[in-house]
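Undergrad: File follows, upload-v1.txt with compact mmCIF, C-alpha atoms:
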```
# COMPACT_ATOMS: atom_id res chain seq x y z
CA MET A 1 -11.93 -0.56 3.63
CA ALA A 2 -11.59 -2.65 6.75
CA ALA A 3 -8.29 -4.45 7.16
CA GLN A 4 -8.24 -7.88 5.52
CA VAL A 5 -6.45 -10.84 6.98
CA VAL A 6 -4.82 -13.27 4.57
CA THR A 7 -6.00 -16.57 5.98
CA ALA A 8 -4.20 -19.84 5.64
CA ALA A 9 -6.94 -20.97 3.29
CA ALA A 10 -6.17 -18.20 0.83
CA GLN A 11 -2.86 -19.82 0.02
CA HIS A 12 -4.56 -23.05 -1.00
CA LEU A 13 -6.43 -21.42 -3.87
CA SER A 14 -4.55 -21.90 -7.11
CA CYS A 15 -5.08 -18.30 -8.11
CA PRO A 16 -6.01 -16.47 -4.90
CA SER A 17 -6.29 -13.09 -6.50
CA ASP A 18 -9.87 -12.44 -5.49
CA LEU A 19 -9.70 -11.27 -1.90
CA VAL A 20 -6.15 -10.05 -1.65
CA PRO A 21 -4.60 -8.24 -4.58
CA ASP A 22 -1.36 -9.64 -5.87
CA TRP A 23 0.73 -6.69 -4.74
CA ALA A 24 -0.15 -7.35 -1.11
CA ARG A 25 1.78 -10.60 -1.27
CA ARG A 26 4.86 -9.11 -2.90
CA GLU A 27 7.67 -7.14 -1.35
CA VAL A 28 7.63 -3.60 -2.62
CA SER A 29 10.55 -1.32 -2.15
CA THR A 30 9.14 1.92 -3.48
CA GLY A 31 5.40 2.11 -3.34
CA THR A 32 4.29 5.07 -5.35
CA THR A 33 1.60 6.77 -7.34
CA ILE A 34 2.54 8.48 -10.59
CA MET A 35 0.38 9.98 -13.28
CA ALA A 36 0.64 11.85 -16.56
CA VAL A 37 -1.98 13.51 -18.79
CA GLU A 38 -1.74 14.95 -22.29
CA PHE A 39 -3.42 18.23 -23.16
CA ASP A 40 -3.38 20.39 -26.23
CA GLY A 41 -0.02 22.09 -25.96
CA GLY A 42 1.79 19.88 -23.48
CA VAL A 43 1.57 17.41 -20.65
CA VAL A 44 0.94 17.49 -16.91
CA ILE A 45 2.79 14.98 -14.77
CA GLY A 46 2.49 14.25 -11.07
CA ALA A 47 3.76 11.98 -8.33
CA ASP A 48 3.56 11.46 -4.60
CA SER A 49 6.72 11.86 -2.52
CA ARG A 50 7.13 8.76 -0.37
CA THR A 51 10.02 6.31 -0.57
CA THR A 52 9.74 3.34 1.75
CA THR A 53 12.03 0.54 2.81
CA GLY A 54 9.57 -1.89 4.30
CA ALA A 55 7.55 0.02 6.86
CA TYR A 56 10.02 2.87 7.24
CA ILE A 57 9.60 5.97 5.12
CA ALA A 58 13.13 6.62 3.96
CA ASN A 59 12.28 9.86 2.21
CA ARG A 60 8.99 11.70 2.66
CA VAL A 61 9.77 14.46 0.17
CA THR A 62 11.12 12.46 -2.75
CA ASP A 63 11.13 13.95 -6.21
CA LYS A 64 10.01 11.20 -8.54
CA LEU A 65 9.67 13.51 -11.54
CA THR A 66 13.05 13.34 -13.20
CA PRO A 67 14.13 15.51 -16.11
CA ILE A 68 15.56 13.57 -19.04
CA HIS A 69 15.90 16.53 -21.36
CA ASP A 70 14.72 20.12 -21.56
CA ARG A 71 11.12 19.22 -22.35
CA ILE A 72 11.04 15.52 -21.47
CA PHE A 73 10.47 14.09 -18.00
CA CYS A 74 9.99 10.65 -16.60
CA CYS A 75 7.91 9.54 -13.61
CA ARG A 76 9.56 6.71 -11.70
CA SER A 77 7.94 3.85 -9.81
CA GLY A 78 9.29 0.55 -8.56
CA SER A 79 12.77 0.11 -7.21
CA ALA A 80 14.38 3.49 -6.56
CA ALA A 81 17.82 2.20 -7.42
CA ASP A 82 16.74 0.63 -10.70
CA THR A 83 14.80 3.63 -11.91
CA GLN A 84 17.54 6.07 -11.01
CA ALA A 85 20.08 3.98 -12.89
CA ILE A 86 17.86 3.68 -15.95
CA ALA A 87 17.03 7.38 -15.94
CA ASP A 88 20.71 8.29 -15.73
CA ALA A 89 21.55 5.99 -18.63
CA VAL A 90 18.72 7.30 -20.81
CA THR A 91 19.59 10.91 -19.99
CA TYR A 92 23.08 10.28 -21.27
CA GLN A 93 21.95 8.46 -24.41
CA LEU A 94 19.30 11.06 -25.23
CA GLY A 95 21.70 13.95 -24.67
CA PHE A 96 24.18 12.38 -27.05
CA HIS A 97 21.48 11.69 -29.63
CA SER A 98 20.23 15.27 -29.41
CA ILE A 99 23.71 16.66 -30.02
CA GLU A 100 24.12 14.38 -33.03
CA LEU A 101 20.78 15.50 -34.44
CA ASP A 102 21.38 19.12 -33.52
CA GLU A 103 17.78 19.55 -32.47
CA PRO A 104 15.64 18.74 -29.42
CA PRO A 105 14.85 15.01 -29.19
CA LEU A 106 11.41 13.51 -29.68
CA VAL A 107 9.47 12.22 -26.68
CA GLN A 108 8.99 8.99 -28.58
CA THR A 109 12.75 8.59 -28.83
CA ALA A 110 13.12 8.94 -25.08
CA ALA A 111 10.32 6.45 -24.56
CA ASN A 112 11.96 4.00 -26.93
CA LEU A 113 15.27 4.27 -25.07
CA PHE A 114 13.48 3.49 -21.80
CA LYS A 115 11.69 0.62 -23.43
CA GLU A 116 14.88 -0.87 -24.86
CA MET A 117 16.53 -0.92 -21.48
CA CYS A 118 13.50 -2.07 -19.51
CA TYR A 119 12.74 -4.88 -21.94
CA ARG A 120 16.32 -6.08 -22.35
CA TYR A 121 16.88 -6.30 -18.63
CA ARG A 122 13.31 -7.09 -17.66
CA GLU A 123 14.32 -10.10 -15.51
CA GLU A 124 16.66 -8.05 -13.36
CA LEU A 125 14.77 -4.79 -13.17
CA MET A 126 11.74 -3.70 -11.19
CA ALA A 127 10.83 -0.43 -12.84
CA GLY A 128 7.56 1.09 -14.01
CA ILE A 129 8.14 4.36 -15.83
CA ILE A 130 5.94 6.96 -17.46
CA VAL A 131 7.72 9.14 -20.03
CA ALA A 132 6.06 12.45 -20.82
CA GLY A 133 7.03 15.66 -22.54
CA TRP A 134 6.58 18.05 -25.41
CA ASP A 135 8.22 18.10 -28.81
CA LYS A 136 7.62 20.12 -31.93
CA ARG A 137 6.46 17.22 -34.07
CA ARG A 138 3.65 15.77 -32.00
CA GLY A 139 3.12 18.21 -29.14
CA GLY A 140 2.37 16.79 -25.70
CA GLN A 141 2.77 13.03 -25.42
CA VAL A 142 2.59 10.44 -22.64
CA TYR A 143 4.17 7.01 -23.06
CA THR A 144 3.92 4.33 -20.43
CA VAL A 145 6.66 1.74 -20.00
CA PRO A 146 5.41 -0.60 -17.28
CA MET A 147 7.27 -3.53 -15.74
CA GLY A 148 8.11 -6.04 -18.43
CA GLY A 149 9.15 -3.47 -20.97
CA MET A 150 6.12 -2.79 -23.14
CA MET A 151 5.66 0.73 -24.43
CA VAL A 152 2.42 2.35 -25.43
CA ARG A 153 1.23 5.92 -25.89
CA GLN A 154 -1.84 6.88 -23.85
CA PRO A 155 -3.61 10.20 -23.35
CA VAL A 156 -3.61 9.54 -19.62
CA SER A 157 -1.63 7.03 -17.64
CA VAL A 158 -1.19 6.07 -13.99
CA GLY A 159 1.43 3.86 -12.40
CA GLY A 160 2.82 2.55 -9.15
CA SER A 161 1.24 0.65 -6.30
CA GLY A 162 -1.29 3.38 -5.59
CA SER A 163 -2.52 3.46 -9.17
CA SER A 164 -4.87 0.48 -8.68
CA TYR A 165 -7.12 2.60 -6.51
CA ILE A 166 -7.63 5.37 -9.00
CA TYR A 167 -8.41 3.54 -12.22
CA GLY A 168 -12.10 4.06 -11.61
CA PHE A 169 -11.61 7.75 -10.84
CA MET A 170 -9.39 8.20 -13.88
CA ASP A 171 -11.81 6.41 -16.22
CA SER A 172 -14.78 8.43 -15.07
CA ASN A 173 -13.12 11.84 -14.80
CA TYR A 174 -10.86 12.00 -17.81
CA ARG A 175 -12.13 13.86 -20.83
CA SER A 176 -10.16 14.88 -23.88
CA GLY A 177 -9.77 18.59 -24.49
CA MET A 178 -9.01 19.62 -20.91
CA THR A 179 -7.00 22.78 -20.31
CA LYS A 180 -3.71 22.84 -18.46
CA GLU A 181 -5.35 24.01 -15.23
CA GLU A 182 -8.02 21.33 -15.46
CA CYS A 183 -5.34 18.70 -15.98
CA LEU A 184 -3.40 19.95 -12.98
CA ARG A 185 -6.51 19.71 -10.82
CA PHE A 186 -7.38 16.26 -12.21
CA VAL A 187 -3.89 14.92 -11.44
CA ALA A 188 -3.79 16.50 -7.98
CA GLU A 189 -7.18 15.01 -7.07
CA ALA A 190 -6.30 11.57 -8.41
CA LEU A 191 -2.97 11.48 -6.57
CA THR A 192 -4.61 12.64 -3.35
CA LEU A 193 -7.18 9.86 -3.55
CA ALA A 194 -4.48 7.27 -4.17
CA MET A 195 -2.31 8.59 -1.35
CA GLU A 196 -5.24 8.33 1.01
CA ARG A 197 -5.72 4.63 0.32
CA ASP A 198 -2.24 3.32 -0.51
CA GLY A 199 0.01 2.95 2.51
CA SER A 200 3.08 3.17 0.30
CA SER A 201 2.12 6.52 -1.22
CA GLY A 202 1.96 9.79 0.65
CA GLY A 203 3.67 13.02 1.54
CA VAL A 204 3.23 15.90 -0.85
CA VAL A 205 2.00 16.05 -4.42
CA ARG A 206 4.59 17.14 -6.92
CA LEU A 207 3.30 18.42 -10.26
CA ALA A 208 4.95 19.65 -13.42
CA ALA A 209 3.46 21.13 -16.58
CA ILE A 210 5.61 20.81 -19.70
CA THR A 211 4.84 22.97 -22.71
CA GLU A 212 6.69 24.60 -25.56
CA GLU A 213 7.44 27.54 -23.26
CA GLY A 214 9.14 25.42 -20.64
CA VAL A 215 8.58 23.45 -17.45
CA GLU A 216 6.51 24.78 -14.58
CA ARG A 217 6.82 22.86 -11.32
CA ARG A 218 4.46 22.97 -8.36
CA VAL A 219 4.23 21.33 -4.95
CA ILE A 220 1.00 20.84 -3.04
CA LEU A 221 1.70 20.33 0.64
CA GLY A 222 -0.23 17.90 2.82
CA ASN A 223 -2.60 20.41 4.37
CA GLU A 224 -3.40 21.99 1.00
CA LEU A 225 -4.45 18.78 -0.70
CA PRO A 226 -8.06 18.54 -1.92
CA LYS A 227 -10.41 17.07 0.68
CA PHE A 228 -12.65 14.08 0.09
CA PHE A 229 -14.97 11.96 2.14
CA SER A 230 -13.18 9.08 3.88
CA ALA A 231 -15.03 6.20 5.43
CA MET B 232 -1.08 -14.90 -13.00
CA CYS B 233 -2.34 -18.41 -13.85
CA SER B 234 -1.77 -18.66 -17.58
CA SER B 235 -1.44 -22.39 -18.17
CA ASN B 236 -4.19 -23.68 -20.41
CA SER B 237 -5.66 -26.35 -18.19
CA GLU B 238 -4.82 -25.23 -14.68
CA TRP B 239 -8.23 -23.66 -14.41
CA ARG B 240 -9.91 -27.05 -14.61
CA SER B 241 -8.67 -27.96 -11.17
CA ALA B 242 -8.97 -24.48 -9.74
CA GLU B 243 -11.60 -23.52 -7.26
CA VAL B 244 -14.56 -21.57 -8.47
CA SER B 245 -14.33 -18.10 -7.03
CA THR B 246 -16.37 -15.00 -7.25
CA GLY B 247 -13.59 -12.64 -8.22
CA THR B 248 -15.99 -9.88 -7.79
CA THR B 249 -17.09 -6.36 -7.15
CA ILE B 250 -19.73 -5.75 -4.52
CA ILE B 251 -21.04 -2.52 -3.09
CA ALA B 252 -23.70 -1.32 -0.69
CA VAL B 253 -24.75 2.26 0.07
CA ARG B 254 -27.05 3.59 2.76
CA TYR B 255 -29.34 6.55 2.19
CA ASP B 256 -32.07 8.11 4.27
CA GLY B 257 -34.84 5.60 3.79
CA GLY B 258 -33.06 2.49 2.58
CA VAL B 259 -30.03 0.78 1.17
CA VAL B 260 -28.88 0.12 -2.36
CA ILE B 261 -26.92 -3.06 -2.87
CA GLY B 262 -25.15 -4.11 -6.05
CA SER B 263 -22.80 -6.67 -7.52
CA ASP B 264 -21.40 -7.89 -10.82
CA SER B 265 -22.24 -11.35 -12.10
CA ARG B 266 -19.05 -13.20 -13.00
CA ALA B 267 -17.80 -16.44 -11.45
CA SER B 268 -14.34 -17.48 -12.54
CA MET B 269 -11.95 -20.37 -12.17
CA GLY B 270 -8.22 -19.84 -12.02
CA GLY B 271 -8.63 -16.28 -13.17
CA VAL B 272 -8.93 -17.47 -16.77
CA TYR B 273 -12.20 -19.32 -17.23
CA VAL B 274 -15.55 -17.72 -16.60
CA SER B 275 -17.70 -20.46 -15.19
CA SER B 276 -20.80 -18.32 -14.94
CA ARG B 277 -21.61 -15.02 -16.62
CA ILE B 278 -24.83 -14.30 -14.79
CA ILE B 279 -24.49 -15.48 -11.23
CA ASN B 280 -26.33 -13.37 -8.67
CA LYS B 281 -24.15 -12.51 -5.74
CA VAL B 282 -26.81 -10.45 -3.98
CA VAL B 283 -28.53 -13.07 -1.84
CA GLN B 284 -31.61 -12.51 0.26
CA VAL B 285 -31.07 -13.84 3.79
CA HIS B 286 -34.36 -12.51 5.16
CA ASP B 287 -37.27 -10.38 4.03
CA LYS B 288 -35.42 -7.12 4.30
CA ILE B 289 -31.82 -8.25 4.73
CA PHE B 290 -29.42 -9.07 1.92
CA CYS B 291 -25.83 -10.13 1.72
CA CYS B 292 -23.26 -9.90 -1.06
CA MET B 293 -20.71 -12.66 -1.52
CA SER B 294 -17.08 -12.42 -2.48
CA GLY B 295 -14.16 -14.85 -2.44
CA SER B 296 -14.48 -18.58 -2.82
CA LEU B 297 -17.95 -19.31 -4.17
CA ALA B 298 -18.27 -22.59 -2.32
CA ASP B 299 -17.38 -21.00 1.01
CA ALA B 300 -19.60 -18.00 0.40
CA GLN B 301 -22.60 -20.13 -0.51
CA ALA B 302 -22.08 -22.45 2.43
CA VAL B 303 -21.85 -19.59 4.89
CA THR B 304 -24.79 -17.76 3.34
CA ASN B 305 -27.02 -20.82 3.52
CA ALA B 306 -26.01 -21.38 7.12
CA VAL B 307 -26.83 -17.76 7.91
CA ILE B 308 -30.22 -17.98 6.24
CA HIS B 309 -31.06 -21.03 8.31
CA ARG B 310 -29.77 -19.55 11.54
CA LEU B 311 -31.41 -16.18 10.98
CA ASN B 312 -34.72 -17.79 10.19
CA PHE B 313 -34.57 -19.71 13.43
CA HIS B 314 -33.58 -16.59 15.39
CA SER B 315 -36.43 -14.67 13.85
CA MET B 316 -38.95 -17.34 14.81
CA GLN B 317 -37.66 -17.43 18.36
CA MET B 318 -37.87 -13.66 18.73
CA GLY B 319 -41.23 -13.52 16.99
CA GLU B 320 -40.31 -10.50 14.91
CA PRO B 321 -38.18 -9.63 11.88
CA PRO B 322 -34.46 -9.81 12.69
CA LEU B 323 -32.17 -6.81 12.99
CA VAL B 324 -29.58 -6.22 10.29
CA GLN B 325 -27.03 -6.20 13.06
CA SER B 326 -28.14 -9.71 14.08
CA ALA B 327 -27.61 -10.95 10.54
CA ALA B 328 -24.18 -9.35 10.45
CA SER B 329 -23.38 -10.84 13.83
CA ILE B 330 -24.39 -14.35 12.78
CA MET B 331 -22.36 -13.95 9.60
CA LYS B 332 -19.42 -12.85 11.68
CA GLU B 333 -19.73 -15.86 13.99
CA PHE B 334 -19.29 -18.23 11.08
CA CYS B 335 -16.53 -16.23 9.43
CA TYR B 336 -14.56 -15.82 12.63
CA ASN B 337 -14.97 -19.32 14.08
CA TYR B 338 -13.97 -20.96 10.81
CA ARG B 339 -11.54 -18.27 9.70
CA ASP B 340 -8.73 -20.76 9.10
CA GLU B 341 -10.79 -22.80 6.66
CA LEU B 342 -12.89 -20.16 4.98
CA SER B 343 -11.98 -17.66 2.38
CA ALA B 344 -15.02 -15.48 1.81
CA GLY B 345 -15.93 -11.87 2.52
CA PHE B 346 -19.41 -10.37 2.73
CA ILE B 347 -21.42 -7.21 2.83
CA VAL B 348 -24.61 -7.43 4.89
CA ALA B 349 -27.16 -4.70 4.27
CA GLY B 350 -30.83 -4.16 4.85
CA TRP B 351 -33.54 -2.38 6.75
CA ASP B 352 -34.97 -3.00 10.19
CA ARG B 353 -37.42 -1.20 12.39
CA LYS B 354 -34.95 -0.34 15.15
CA LYS B 355 -32.22 1.48 13.25
CA GLY B 356 -33.53 1.76 9.72
CA PRO B 357 -31.15 1.17 6.84
CA GLN B 358 -27.70 -0.20 7.69
CA VAL B 359 -24.65 -1.50 5.86
CA PHE B 360 -22.16 -3.84 7.49
CA GLU B 361 -18.95 -5.19 6.10
CA VAL B 362 -17.97 -8.67 7.34
CA SER B 363 -14.49 -9.19 6.03
CA VAL B 364 -12.46 -12.36 5.55
CA GLY B 365 -11.13 -12.83 9.08
CA GLY B 366 -14.46 -12.10 10.67
CA MET B 367 -14.29 -8.41 11.45
CA VAL B 368 -17.56 -6.47 11.36
CA VAL B 369 -17.71 -2.78 10.66
CA GLU B 370 -20.78 -0.65 10.11
CA GLN B 371 -20.32 1.99 7.45
CA GLU B 372 -22.36 4.40 5.37
CA PHE B 373 -21.19 2.63 2.30
CA THR B 374 -18.70 -0.09 1.56
CA ILE B 375 -17.13 -1.86 -1.37
CA GLY B 376 -15.62 -5.32 -1.55
CA GLY B 377 -14.17 -7.99 -3.77
CA SER B 378 -11.19 -7.97 -6.07
CA GLY B 379 -12.64 -5.29 -8.33
CA SER B 380 -13.13 -2.89 -5.45
CA THR B 381 -9.42 -1.98 -5.50
CA TYR B 382 -9.92 -0.03 -8.71
CA ILE B 383 -12.79 2.10 -7.49
CA TYR B 384 -11.56 3.30 -4.10
CA GLY B 385 -10.54 6.59 -5.62
CA TYR B 386 -13.86 6.93 -7.42
CA VAL B 387 -16.07 6.19 -4.43
CA ASP B 388 -13.99 8.36 -2.10
CA ALA B 389 -14.36 11.24 -4.51
CA LYS B 390 -18.01 10.73 -5.41
CA PHE B 391 -19.72 9.71 -2.20
CA LYS B 392 -21.46 12.32 -0.10
CA THR B 393 -23.91 11.94 2.74
CA GLY B 394 -27.51 12.85 2.09
CA MET B 395 -27.82 11.30 -1.37
CA THR B 396 -31.24 10.40 -2.68
CA ARG B 397 -32.30 6.94 -3.83
CA GLU B 398 -31.70 7.84 -7.47
CA GLN B 399 -28.29 9.27 -6.74
CA CYS B 400 -27.35 6.11 -4.85
CA LEU B 401 -28.45 3.95 -7.78
CA THR B 402 -26.34 6.00 -10.17
CA PHE B 403 -23.40 5.94 -7.77
CA THR B 404 -23.61 2.17 -7.39
CA THR B 405 -24.07 1.45 -11.08
CA ASN B 406 -21.21 3.73 -12.09
CA ALA B 407 -18.87 2.26 -9.48
CA LEU B 408 -19.64 -1.31 -10.55
CA SER B 409 -19.30 -0.44 -14.20
CA LEU B 410 -15.89 1.14 -13.66
CA ALA B 411 -14.66 -1.82 -11.65
CA MET B 412 -15.96 -4.34 -14.17
CA ASP B 413 -14.09 -2.49 -16.90
CA ARG B 414 -10.78 -2.82 -15.11
CA ASP B 415 -10.97 -6.09 -13.18
CA ASN B 416 -10.77 -9.16 -15.38
CA VAL B 417 -12.56 -11.36 -12.86
CA SER B 418 -15.54 -9.02 -12.53
CA GLY B 419 -18.02 -8.56 -15.32
CA GLY B 420 -21.31 -9.51 -16.88
CA VAL B 421 -24.43 -7.75 -15.71
CA VAL B 422 -25.13 -5.58 -12.71
CA HIS B 423 -27.49 -6.97 -10.09
CA LEU B 424 -29.10 -4.36 -7.87
CA ALA B 425 -31.43 -4.51 -4.90
CA VAL B 426 -33.08 -1.59 -3.12
CA VAL B 427 -34.36 -2.31 0.39
CA THR B 428 -36.66 0.11 2.18
CA GLU B 429 -39.36 -0.06 4.80
CA ALA B 430 -41.86 -0.69 2.04
CA GLY B 431 -40.07 -3.71 0.68
CA VAL B 432 -37.49 -4.95 -1.75
CA GLU B 433 -37.01 -4.01 -5.38
CA ARG B 434 -34.56 -5.92 -7.54
CA GLN B 435 -33.07 -4.68 -10.79
CA LEU B 436 -30.84 -6.14 -13.44
CA ILE B 437 -28.83 -3.97 -15.81
CA PRO B 438 -27.51 -5.91 -18.79
CA GLY B 439 -23.92 -5.39 -19.86
CA ASN B 440 -24.77 -3.33 -22.92
CA LYS B 441 -26.91 -0.90 -20.93
CA LEU B 442 -24.18 -0.05 -18.42
CA PRO B 443 -22.68 3.45 -18.39
CA VAL B 444 -19.63 3.64 -20.61
CA PHE B 445 -16.54 5.38 -19.35
CA HIS B 446 -13.75 4.10 -21.52
CA ARG B 447 -12.97 7.01 -23.70
CA ILE B 448 -9.32 5.97 -23.81
```
Translate the structure of the given file into structure tokens.
TA:
Amino acid sequence: MAAQVVTAAAQHLSCPSDLVPDWARREVSTGTTIMAVEFDGGVVIGADSRTTTGAYIANRVTDKLTPIHDRIFCCRSGSAADTQAIADAVTYQLGFHSIELDEPPLVQTAANLFKEMCYRYREELMAGIIVAGWDKRRGGQVYTVPMGGMMVRQPVSVGGSGSSYIYGFMDSNYRSGMTKEECLRFVAEALTLAMERDGSSGGVVRLAAITEEGVERRVILGNELPKFFSA
Amino acid sequence: MCSSNSEWRSAEVSTGTTIIAVRYDGGVVIGSDSRASMGGVYVSSRIINKVVQVHDKIFCCMSGSLADAQAVTNAVIHRLNFHSMQMGEPPLVQSAASIMKEFCYNYRDELSAGFIVAGWDRKKGPQVFEVSVGGMVVEQEFTIGGSGSTYIYGYVDAKFKTGMTREQCLTFTTNALSLAMDRDNVSGGVVHLAVVTEAGVERQLIPGNKLPVFHRI
């Protein structure tokens, strides 16, 4: 898309959300694209690897896929500081809970812990988190906890500033019943497309597949990313 | 987000919108949704046509403030008509884009409207131009615009390929609009399409319930 200039007139509209998306007028500290997909037997999660402070890329190989427990991960978007702090707190709480229960925790429990924190401190925090993992009761699950602190389970979820660009791709390409390899390709393609359009997303694509057997992590470097047409 | 109950009454009417134009060998396919909204909460028109004919074989799609877009479009129609009479032949698509750009650039501080100009002329055949808010003109093989376009960048980047046929372009356009209308709250309604070739213009309307359905989740 050609560059758009926010004219003086745009600020006079009472809800000028038509030409310039809202995020373009807000300061973003960690632009990102994160994604998670459920499949029969587990989940696939993915993220880009760029952390920005303004126009400077502070870290071009960030790992935004954070383990919370053996089979539960979270994908972080928003303020790096906020999400790291929340993830640390939830890791502690979940670890304690798991020891009390004497069995691996449920993904829904982890998601609820995130939701409690994100909702309670929603005025102070800027954190959009996707919680994904595998547990024995319900298999692979993806829960999204966006800014504001709502929590909902979805078969596929995207988040972060780059996610706006791939809603159409996600809606048209997702089908239920995909295999693990198909999910990995779907996530890699979606993240690549978002990284190509969102200035705050980029670097490499980090993927992880979580199943009963364990966690398998992959990295797709810049020159190995899938290629698409770009205008 | 404007959520007060009556703020929309004093808000400007805007075409929060999704517009798209694609060039293929032989013509262009142009499409838009049909929703006009006020304040992001009230839909003032469900069936407005944002694909406006500015000359026999040249169309433009409007986005942004509806008042500004209509004013500019009417001015372009008038100006282009005059230019065409002076030259004694049908105008070039590039001329239409250029005239559009003149208005958008000269009044860029007062206006808030973006356009896609697309059509067919004898010199260069089918062309698609994007005339964005500040008055920049770019010719492209295809382009998308409006608030709903954000959500379909990934889709169009993945799906577009050069050398598509007319039918493929129609499917591409309809799918892209349908996906954007499903995600953008200020785009919706029906899909207006226009196909412009050397032979002429063909307009189509796809009602909301006949659009392709993607929301399996």
Undergrad: What does the distance between CA of Val324 in chain B and CA of Phe290 in chain B come to in Å, to one decimal place?
TA: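 For CA of Val324 in chain B relative to CA of Phe290 in chain B, the distance reads 8.8 Å.
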Undergrad: Tell me which protein, DNA and RNA residues are within 6 Å of range 43-57 of chain A, counting only C-alpha atoms, leaving out same-chain ones fewer than 5 positions away, and put them as a ChimeraX atom specification.
TA: /A:29-30,33-38,62,140,201-210
Undergrad: List the neighbours of Ala430 in chain B out to 10 Å using only C-alpha atoms; skip same-chain residues closer than 5 positions along the sequence, and give me the result as a list of chain:residue names.
TA: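 The neighbour list is B:Gly257, B:Gly258, B:Lys288, B:Trp351.
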Undergrad: Distance cut-off 7 Å, counting all atoms listed in the file - which residues of chain B neighbour chain A? Return them as number ranges by chain.
TA: B: 233, 242-243, 247, 270-271, 295, 339-343, 363-365, 377-378, 381-386, 388-389, 391-392, 410-411, 445-446
Undergrad: Select, counting all atoms listed in the file, all protein, DNA and RNA residues no farther than 12 Å from (-15.6, -8.9, -15.1) in file coordinates, and express the selection as a compact mmCIF listing (two decimals) with C-alpha atoms, in the frame of the given file.
TA:
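As written to disk, point38.txt reads:
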```
# COMPACT_ATOMS: atom_id res chain seq x y z
CA ASP A 18 -9.87 -12.44 -5.49
CA THR B 246 -16.37 -15.00 -7.25
CA GLY B 247 -13.59 -12.64 -8.22
CA THR B 248 -15.99 -9.88 -7.79
CA THR B 249 -17.09 -6.36 -7.15
CA ILE B 250 -19.73 -5.75 -4.52
CA SER B 263 -22.80 -6.67 -7.52
CA ASP B 264 -21.40 -7.89 -10.82
CA SER B 265 -22.24 -11.35 -12.10
CA ARG B 266 -19.05 -13.20 -13.00
CA ALA B 267 -17.80 -16.44 -11.45
CA SER B 268 -14.34 -17.48 -12.54
CA GLY B 271 -8.63 -16.28 -13.17
CA VAL B 272 -8.93 -17.47 -16.77
CA TYR B 273 -12.20 -19.32 -17.23
CA VAL B 274 -15.55 -17.72 -16.60
CA SER B 275 -17.70 -20.46 -15.19
CA SER B 276 -20.80 -18.32 -14.94
CA ARG B 277 -21.61 -15.02 -16.62
CA ILE B 278 -24.83 -14.30 -14.79
CA ILE B 279 -24.49 -15.48 -11.23
CA GLY B 377 -14.17 -7.99 -3.77
CA SER B 378 -11.19 -7.97 -6.07
CA GLY B 379 -12.64 -5.29 -8.33
CA SER B 380 -13.13 -2.89 -5.45
CA LEU B 408 -19.64 -1.31 -10.55
CA SER B 409 -19.30 -0.44 -14.20
CA LEU B 410 -15.89 1.14 -13.66
CA ALA B 411 -14.66 -1.82 -11.65
CA MET B 412 -15.96 -4.34 -14.17
CA ASP B 413 -14.09 -2.49 -16.90
CA ARG B 414 -10.78 -2.82 -15.11
CA ASP B 415 -10.97 -6.09 -13.18
CA ASN B 416 -10.77 -9.16 -15.38
CA VAL B 417 -12.56 -11.36 -12.86
CA SER B 418 -15.54 -9.02 -12.53
CA GLY B 419 -18.02 -8.56 -15.32
CA GLY B 420 -21.31 -9.51 -16.88
CA VAL B 421 -24.43 -7.75 -15.71
CA VAL B 422 -25.13 -5.58 -12.71
CA GLY B 439 -23.92 -5.39 -19.86
```
Undergrad: Padding 5 Å on every side, please: axis-aligned box over the listed atoms of range 422-439 of chain B, centre and edge lengths to one decimal in Å, as AutoDock Vina command-line options.
TA:
```
--center_x -32.9 --center_y -3.4 --center_z -7.5 --size_x 27.9 --size_y 17.1 --size_z 34.7
```
Undergrad: Mind giving me the straight-line distance from CA of Arg185 in chain A to CA of Asp135 in chain A in Å, one decimal?
TA: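 Here the two named atoms are 23.3 Å from each other.
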Undergrad: In Å, how far is it from CA of Thr393 in chain B to CA of Met178 in chain A?
TA: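 We find that CA of Thr393 in chain B and CA of Met178 in chain A lie 29.0 Å from each other.
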Undergrad: So that I can see what lies close to Arg122 in chain A, please list as a PyMOL selection string the residues with an atom at most 12 Å from it, counting only C-alpha atoms and leaving out residues fewer than 6 positions away in the same chain.
TA: chain A and resi 82+86+114-116+128+145-150
Undergrad: Which polymer residues have any atom within 9 Å of an atom of range 87-90 of chain A, counting all atoms listed in the file, with same-chain residues fewer than 6 positions away left out, as a PyMOL selection string?
TA: chain A and resi 66-68+74+76+110+113-114+117
Undergrad: Just write the chosen residues, C-alpha atoms, as a CSV table (one decimal), in the frame of the given file.
TA:
```csv
chain,number,residue,atom,x,y,z
A,66,THR,CA,13.0,13.3,-13.2
A,67,PRO,CA,14.1,15.5,-16.1
A,68,ILE,CA,15.6,13.6,-19.0
A,74,CYS,CA,10.0,10.6,-16.6
A,76,ARG,CA,9.6,6.7,-11.7
A,110,ALA,CA,13.1,8.9,-25.1
A,113,LEU,CA,15.3,4.3,-25.1
A,114,PHE,CA,13.5,3.5,-21.8
A,117,MET,CA,16.5,-0.9,-21.5
```
Undergrad: For Arg60 in chain A, which residue among A:Thr32, A:Phe73, A:Thr91, A:Ser79 is the nearest when counting only C-alpha atoms?
TA: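 Of A:Thr32, A:Phe73, A:Thr91, A:Ser79, the one nearest Arg60 in chain A is A:Thr32, counting only C-alpha atoms.
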Undergrad: Using only C-alpha atoms, which of the listed residues (B:Cys400, B:Ala349, B:Ala302, B:Val283) sits closest to Val387 in chain B?
TA: B:Cys400
